[in-house]
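Student: Below is a structure I'd like to ask you about.
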Amino acid sequence: MLRTARALVAALAAGLLLAGCAQVVPGQPSAAAGAASIAAAPVADAEVAPTAVAALQEYWRAQFPAAFGRPWRDISRFVPVHTGDRRVPCVRSAADVEGQAFYCSSADAVVWDADGLIPEVLRADGPTGVLVVLAHEVGHAVQSRLGLDELQARQPSRYPTILLEAMADCSAGVALAHFAQKPPPGLALGADGRDRAMSALIAFKDPLGVEPGDAGAHGNAFDRVSAFQDGYGGAATTCAEMTITNRAFTQRAFGSRADAARRGNLPVDDLLASVGADAPAAFARFTASAGLPGWRPPALSTTAGRCAVAPQGPAAWCPEDNTVVVDRAAVAQLEDRFGDFAGAALIASRYGLAAQQALRRAATGAAAICLAGAYTGGLLKADGSFTLSPGDLDEAVEVLLVQDWAGRDAAGATDPQQHGYERIGLFRKGVVGGSQACLA
């Protein structure tokens, strides 16, 4: 189930844990993420949802038997709900659907708010956003046909809501990977559209402080895009094989009342002091494990050094005087927009460039992002004074999705094939695999 911010207030009043606000992801049109094709004329806004559900039904009609060796049963109903509709499957009134989409297994129906949700997603993330929202709900129908609804009823601890939501995000990724190669008529899916699909999922992340074991938890941004990417790069069986033992979830509760009061964000000067004290030691450990003990990592400075650092963005590595230079005002703006760890992730990527040069490797933006992920993964496991707060992973994901700063090298150059999807994938590689995965 996916719900927008407008559905949040009413559902929280009912004791449910729902999604956060939507956001617009800026980007430039780019070539298709899959095979090149001649795109049909874009469909009208009113036809996006009908086109999407027709394509999804057709896709699973072929994919489900191929993946699972059993016949597909067409979804009985796709129901766009309009204000004033009197009969709506599985709920009392149209008002209960406001700002959300869901799959109802008892009616075998995919239901969505046609007057509020779909226009909102179209404004924020375009047709691909609508496609991924509906693909997620159809993913729940796939689960139902695999018997997971019954398994959850019998063994709720083995099939918590957050796991089923991750599986549905994964199934959406599987479907969108197919549509990147063979787009539905008028719904071409390029690299920018793929990023917008992830933006749409991020818009439905859980509120801060929700834990994986909480009833109704759906996942933070990091876990949701991770599941989507696993599906996009995998297969339908990848999603069906997810379990609570092979799927790690990264949400966490606030560690203190003070952290909760500031929504997990440090004042910018405290953030810079903490990262400036913590990151050098962490990256020294990375280089030592790669065979270079005793390396002196850069110091963090808010004063420009002897090199031109502006092309790298709000944080820059200056090899001439071995410093990581930070534009304090720019990092403060990042904190206002995304949260404090957006700036911390960018700073960590600059330490990644310095570590690569120290190891006599080509200092690439790709490895810098991965090493920033490795640094973040260490904080996820840390029990010291500087650790991750709820939302920090999401803040890194969101800035990586919309900005290429972390992927720039010391000259400010980026890989033109690297989009938000790739940057997040590199970051995940480091979070999960550590520095060894980045420097292998």
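Labeling convention for the structure tokens: chains A, B, ... as they appear, residues from 1 per chain, ligands from 1 in order of appearance.
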Tell me which protein, DNA and RNA residues are within 6 Å of stretch 168-170 of chain A, counting only C-alpha atoms, leaving out same-chain ones fewer than 2 positions away, and put them as a count of residues only.
Tutor: 11
Student: Dump as JSON lines the rows for residues of stretch 89-203 of chain A within 12 Å of stretch 243-265 of chain A: closest atom pair and distance in Å with one decimal, only C-alpha atoms counted, ordered by chain and rising residue number.
Tutor:
```
{"residue": "A:Leu148", "atom": "CA", "partner": "A:Thr243", "partner_atom": "CA", "distance": 11.4}
{"residue": "A:Gln152", "atom": "CA", "partner": "A:Thr243", "partner_atom": "CA", "distance": 11.8}
{"residue": "A:Gln155", "atom": "CA", "partner": "A:Ile244", "partner_atom": "CA", "distance": 12.0}
{"residue": "A:Pro156", "atom": "CA", "partner": "A:Ile244", "partner_atom": "CA", "distance": 11.2}
{"residue": "A:Ser157", "atom": "CA", "partner": "A:Ile244", "partner_atom": "CA", "distance": 8.9}
{"residue": "A:Arg158", "atom": "CA", "partner": "A:Ile244", "partner_atom": "CA", "distance": 6.5}
{"residue": "A:Tyr159", "atom": "CA", "partner": "A:Ile244", "partner_atom": "CA", "distance": 7.3}
{"residue": "A:Pro160", "atom": "CA", "partner": "A:Ile244", "partner_atom": "CA", "distance": 8.2}
{"residue": "A:Thr161", "atom": "CA", "partner": "A:Ile244", "partner_atom": "CA", "distance": 10.7}
{"residue": "A:Ile162", "atom": "CA", "partner": "A:Phe249", "partner_atom": "CA", "distance": 8.6}
{"residue": "A:Leu163", "atom": "CA", "partner": "A:Ile244", "partner_atom": "CA", "distance": 6.8}
{"residue": "A:Leu164", "atom": "CA", "partner": "A:Thr243", "partner_atom": "CA", "distance": 9.2}
{"residue": "A:Glu165", "atom": "CA", "partner": "A:Phe249", "partner_atom": "CA", "distance": 11.6}
{"residue": "A:Ala166", "atom": "CA", "partner": "A:Arg247", "partner_atom": "CA", "distance": 9.0}
{"residue": "A:Met167", "atom": "CA", "partner": "A:Thr243", "partner_atom": "CA", "distance": 9.2}
{"residue": "A:Cys170", "atom": "CA", "partner": "A:Arg247", "partner_atom": "CA", "distance": 11.9}
```
Student: Using C-alpha atoms, can you export the residues from the last selection as a PDB file, in the first residue's frame?
Tutor:
```pdb
ATOM      1  CA  LEU A 148       1.998 -14.925   0.823  1.00  0.00           C
ATOM      2  CA  GLN A 152       1.467 -13.836   6.675  1.00  0.00           C
ATOM      3  CA  GLN A 155       3.176 -16.637  10.510  1.00  0.00           C
ATOM      4  CA  PRO A 156       3.096 -12.851  10.930  1.00  0.00           C
ATOM      5  CA  SER A 157       6.538 -12.700  12.544  1.00  0.00           C
ATOM      6  CA  ARG A 158       8.111 -14.321   9.479  1.00  0.00           C
ATOM      7  CA  TYR A 159       6.210 -12.127   7.036  1.00  0.00           C
ATOM      8  CA  PRO A 160       6.051  -8.644   8.584  1.00  0.00           C
ATOM      9  CA  THR A 161       4.518  -5.820   6.611  1.00  0.00           C
ATOM     10  CA  ILE A 162       7.900  -4.256   5.883  1.00  0.00           C
ATOM     11  CA  LEU A 163       9.060  -7.445   4.153  1.00  0.00           C
ATOM     12  CA  LEU A 164       5.954  -7.634   1.954  1.00  0.00           C
ATOM     13  CA  GLU A 165       6.374  -3.951   1.076  1.00  0.00           C
ATOM     14  CA  ALA A 166      10.001  -4.549   0.085  1.00  0.00           C
ATOM     15  CA  MET A 167       8.902  -7.453  -2.083  1.00  0.00           C
ATOM     16  CA  CYS A 170      11.214  -5.245  -5.826  1.00  0.00           C
TER      17      CYS A 170
END
```
Student: Enter the distance from atom CA of A:Pro184 to atom CA of A:Trp60, in Å, rounded to one decimal.
Tutor: 13.5 Å
Student: Can you list, as a VMD selection string, every residue of stretch 93-145 of chain A that DSSP puts in strand (DSSP E)?
Tutor: chain A and resid 100 to 104 109 to 113
Student: Between atom CA of A:Ala236 and atom CA of A:Phe78, what is the distance in Å, rounded to a tenth?
Tutor: 21.8 Å
Student: Applying 12 Å and only C-alpha atoms, which residues near stretch 278-291 of chain A remain after dropping the ones on its own chain fewer than 2 positions away? List them as a ChimeraX atom specification.
Tutor: /A:271-276,293-300,322-324,344-361,368,371-379,382,384-387,430,434-440
Student: Looking only at the backbone, which of the residues in stretch 177-423 of chain A does DSSP tag as alpha helix (DSSP H), as JSON, numbers by chain?
Tutor: {"A": [177, 178, 179, 180, 181, 191, 192, 193, 194, 195, 196, 197, 198, 199, 200, 201, 202, 221, 222, 223, 224, 225, 226, 227, 228, 229, 230, 231, 232, 236, 237, 238, 239, 240, 257, 258, 259, 260, 261, 268, 269, 270, 271, 272, 273, 274, 275, 276, 277, 278, 279, 280, 281, 282, 283, 284, 285, 286, 287, 288, 289, 328, 329, 330, 331, 332, 333, 334, 335, 336, 337, 340, 341, 342, 343, 344, 345, 346, 347, 348, 349, 350, 351, 352, 353, 354, 355, 356, 357, 358, 365, 366, 367, 368, 369, 370, 371, 372, 373, 374, 375, 376, 377, 378, 379, 380, 381, 392, 393, 394, 395, 396, 397, 398, 399, 400, 401, 402, 420, 421, 422, 423]}
Student: Pick out the residues sitting within 12 Å of A:His82, and hand them over as a PyMOL selection string; count only C-alpha atoms, and ignore anything fewer than 2 positions along from it in its own chain.
Tutor: chain A and resi 79-80+84-88+93-99+111-118
Student: I need the residues from that last selection saved to file as a short mmCIF file (atom, residue, chain, number, x, y, z; two decimals), in the first residue's frame (with C-alpha atoms), if you can.
Tutor:
```cif
data_model
loop_
_atom_site.label_atom_id
_atom_site.label_comp_id
_atom_site.auth_asym_id
_atom_site.auth_seq_id
_atom_site.Cartn_x
_atom_site.Cartn_y
_atom_site.Cartn_z
CA VAL A 79 -10.56 0.86 -9.69
CA PRO A 80 -9.81 4.59 -10.07
CA GLY A 84 -18.20 11.26 -4.55
CA ASP A 85 -18.02 7.62 -5.69
CA ARG A 86 -20.44 5.67 -3.55
CA ARG A 87 -19.13 2.15 -3.88
CA VAL A 88 -15.43 1.49 -3.41
CA SER A 93 -16.28 5.50 1.20
CA ALA A 94 -14.21 7.34 -1.37
CA ALA A 95 -12.81 9.51 1.41
CA ASP A 96 -10.98 6.45 2.77
CA VAL A 97 -8.95 6.26 -0.43
CA GLU A 98 -7.83 9.88 -0.41
CA GLY A 99 -4.13 10.20 -1.19
CA VAL A 111 -7.62 0.76 -6.04
CA TRP A 112 -6.29 4.30 -6.24
CA ASP A 113 -7.25 7.92 -5.67
CA ALA A 114 -7.73 9.22 -9.20
CA ASP A 115 -8.47 12.82 -8.23
CA GLY A 116 -5.71 13.41 -5.66
CA LEU A 117 -2.94 10.81 -5.73
CA ILE A 118 -2.43 10.43 -9.46
#
```
Student: Write out as a PyMOL selection string the residues lying within 12 Å of A:Cys307, counting only C-alpha atoms and excluding same-chain residues fewer than 2 positions away.
Tutor: chain A and resi 303-305+309-312+316-325+410-411
Student: Please determine, counting only C-alpha atoms, which residue among A:Gln418, A:Pro390, A:Pro50, A:Val132 has the shortest atom-to-atom distance to A:Asp206.
Tutor: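 The shortest atom-to-atom distance to A:Asp206 comes from A:Pro390.
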Student: Which residues are close to A:Trp405, i.e. within 9 Å by only C-alpha atoms, leaving aside same-chain residues fewer than 2 positions away? Reply as a ChimeraX atom specification.
Tutor: /A:311-315,346,349,365,399-400,403,407-409,412,414
Student: Keeping C-alpha atoms for every residue in the selection just given, could you write it to a file as a PDB file, in the first residue's frame?
Tutor:
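To be explicit, this is the file written out as result15.pdb:
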```pdb
ATOM      1  CA  PRO A 311      33.900  22.449  -9.684  1.00  0.00           C
ATOM      2  CA  GLN A 312      33.540  19.684  -7.099  1.00  0.00           C
ATOM      3  CA  GLY A 313      30.535  21.207  -5.343  1.00  0.00           C
ATOM      4  CA  PRO A 314      29.868  22.067  -1.668  1.00  0.00           C
ATOM      5  CA  ALA A 315      32.734  19.819  -0.515  1.00  0.00           C
ATOM      6  CA  LEU A 346      29.399  14.515   0.117  1.00  0.00           C
ATOM      7  CA  SER A 349      33.119  11.128  -0.944  1.00  0.00           C
ATOM      8  CA  GLY A 365      33.918   9.605  -8.591  1.00  0.00           C
ATOM      9  CA  VAL A 399      21.071  14.015  -2.456  1.00  0.00           C
ATOM     10  CA  LEU A 400      22.699  11.264  -4.547  1.00  0.00           C
ATOM     11  CA  GLN A 403      22.890  15.825  -7.548  1.00  0.00           C
ATOM     12  CA  GLY A 407      30.418  11.444  -8.371  1.00  0.00           C
ATOM     13  CA  ARG A 408      32.803  14.220  -9.425  1.00  0.00           C
ATOM     14  CA  ASP A 409      36.539  13.739  -9.485  1.00  0.00           C
ATOM     15  CA  GLY A 412      34.886  18.259 -11.300  1.00  0.00           C
ATOM     16  CA  THR A 414      31.657  13.067 -13.940  1.00  0.00           C
TER      17      THR A 414
END
```
Student: Quick one: pull the distance between atom CA of A:Pro71 and atom CA of A:Gln143, Å, one decimal.
Tutor: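 Taking atom CA of A:Pro71 and atom CA of A:Gln143, their separation equals 13.7 Å.
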Student: Which residue, A:Gly219, A:Gly147, A:Pro185, A:Pro42, has the smallest gap to A:Ala240 when you use only C-alpha atoms?
Tutor: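 Going through A:Gly219, A:Gly147, A:Pro185, A:Pro42 one by one, the smallest distance to A:Ala240 is for A:Gly147.
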Student: Of the candidates A:Val397, A:Asp192, A:Leu292, A:Arg337, which one gets nearest to A:Gln417 if we count only C-alpha atoms?
Tutor: A:Asp192
Student: Under the rule that only C-alpha atoms are counted, which of A:Leu380, A:Val81, A:Leu131, A:Leu388 is the nearest residue to A:Gly186?
Tutor: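 Once distances to A:Gly186 are computed over only C-alpha atoms, the minimum belongs to A:Leu131.
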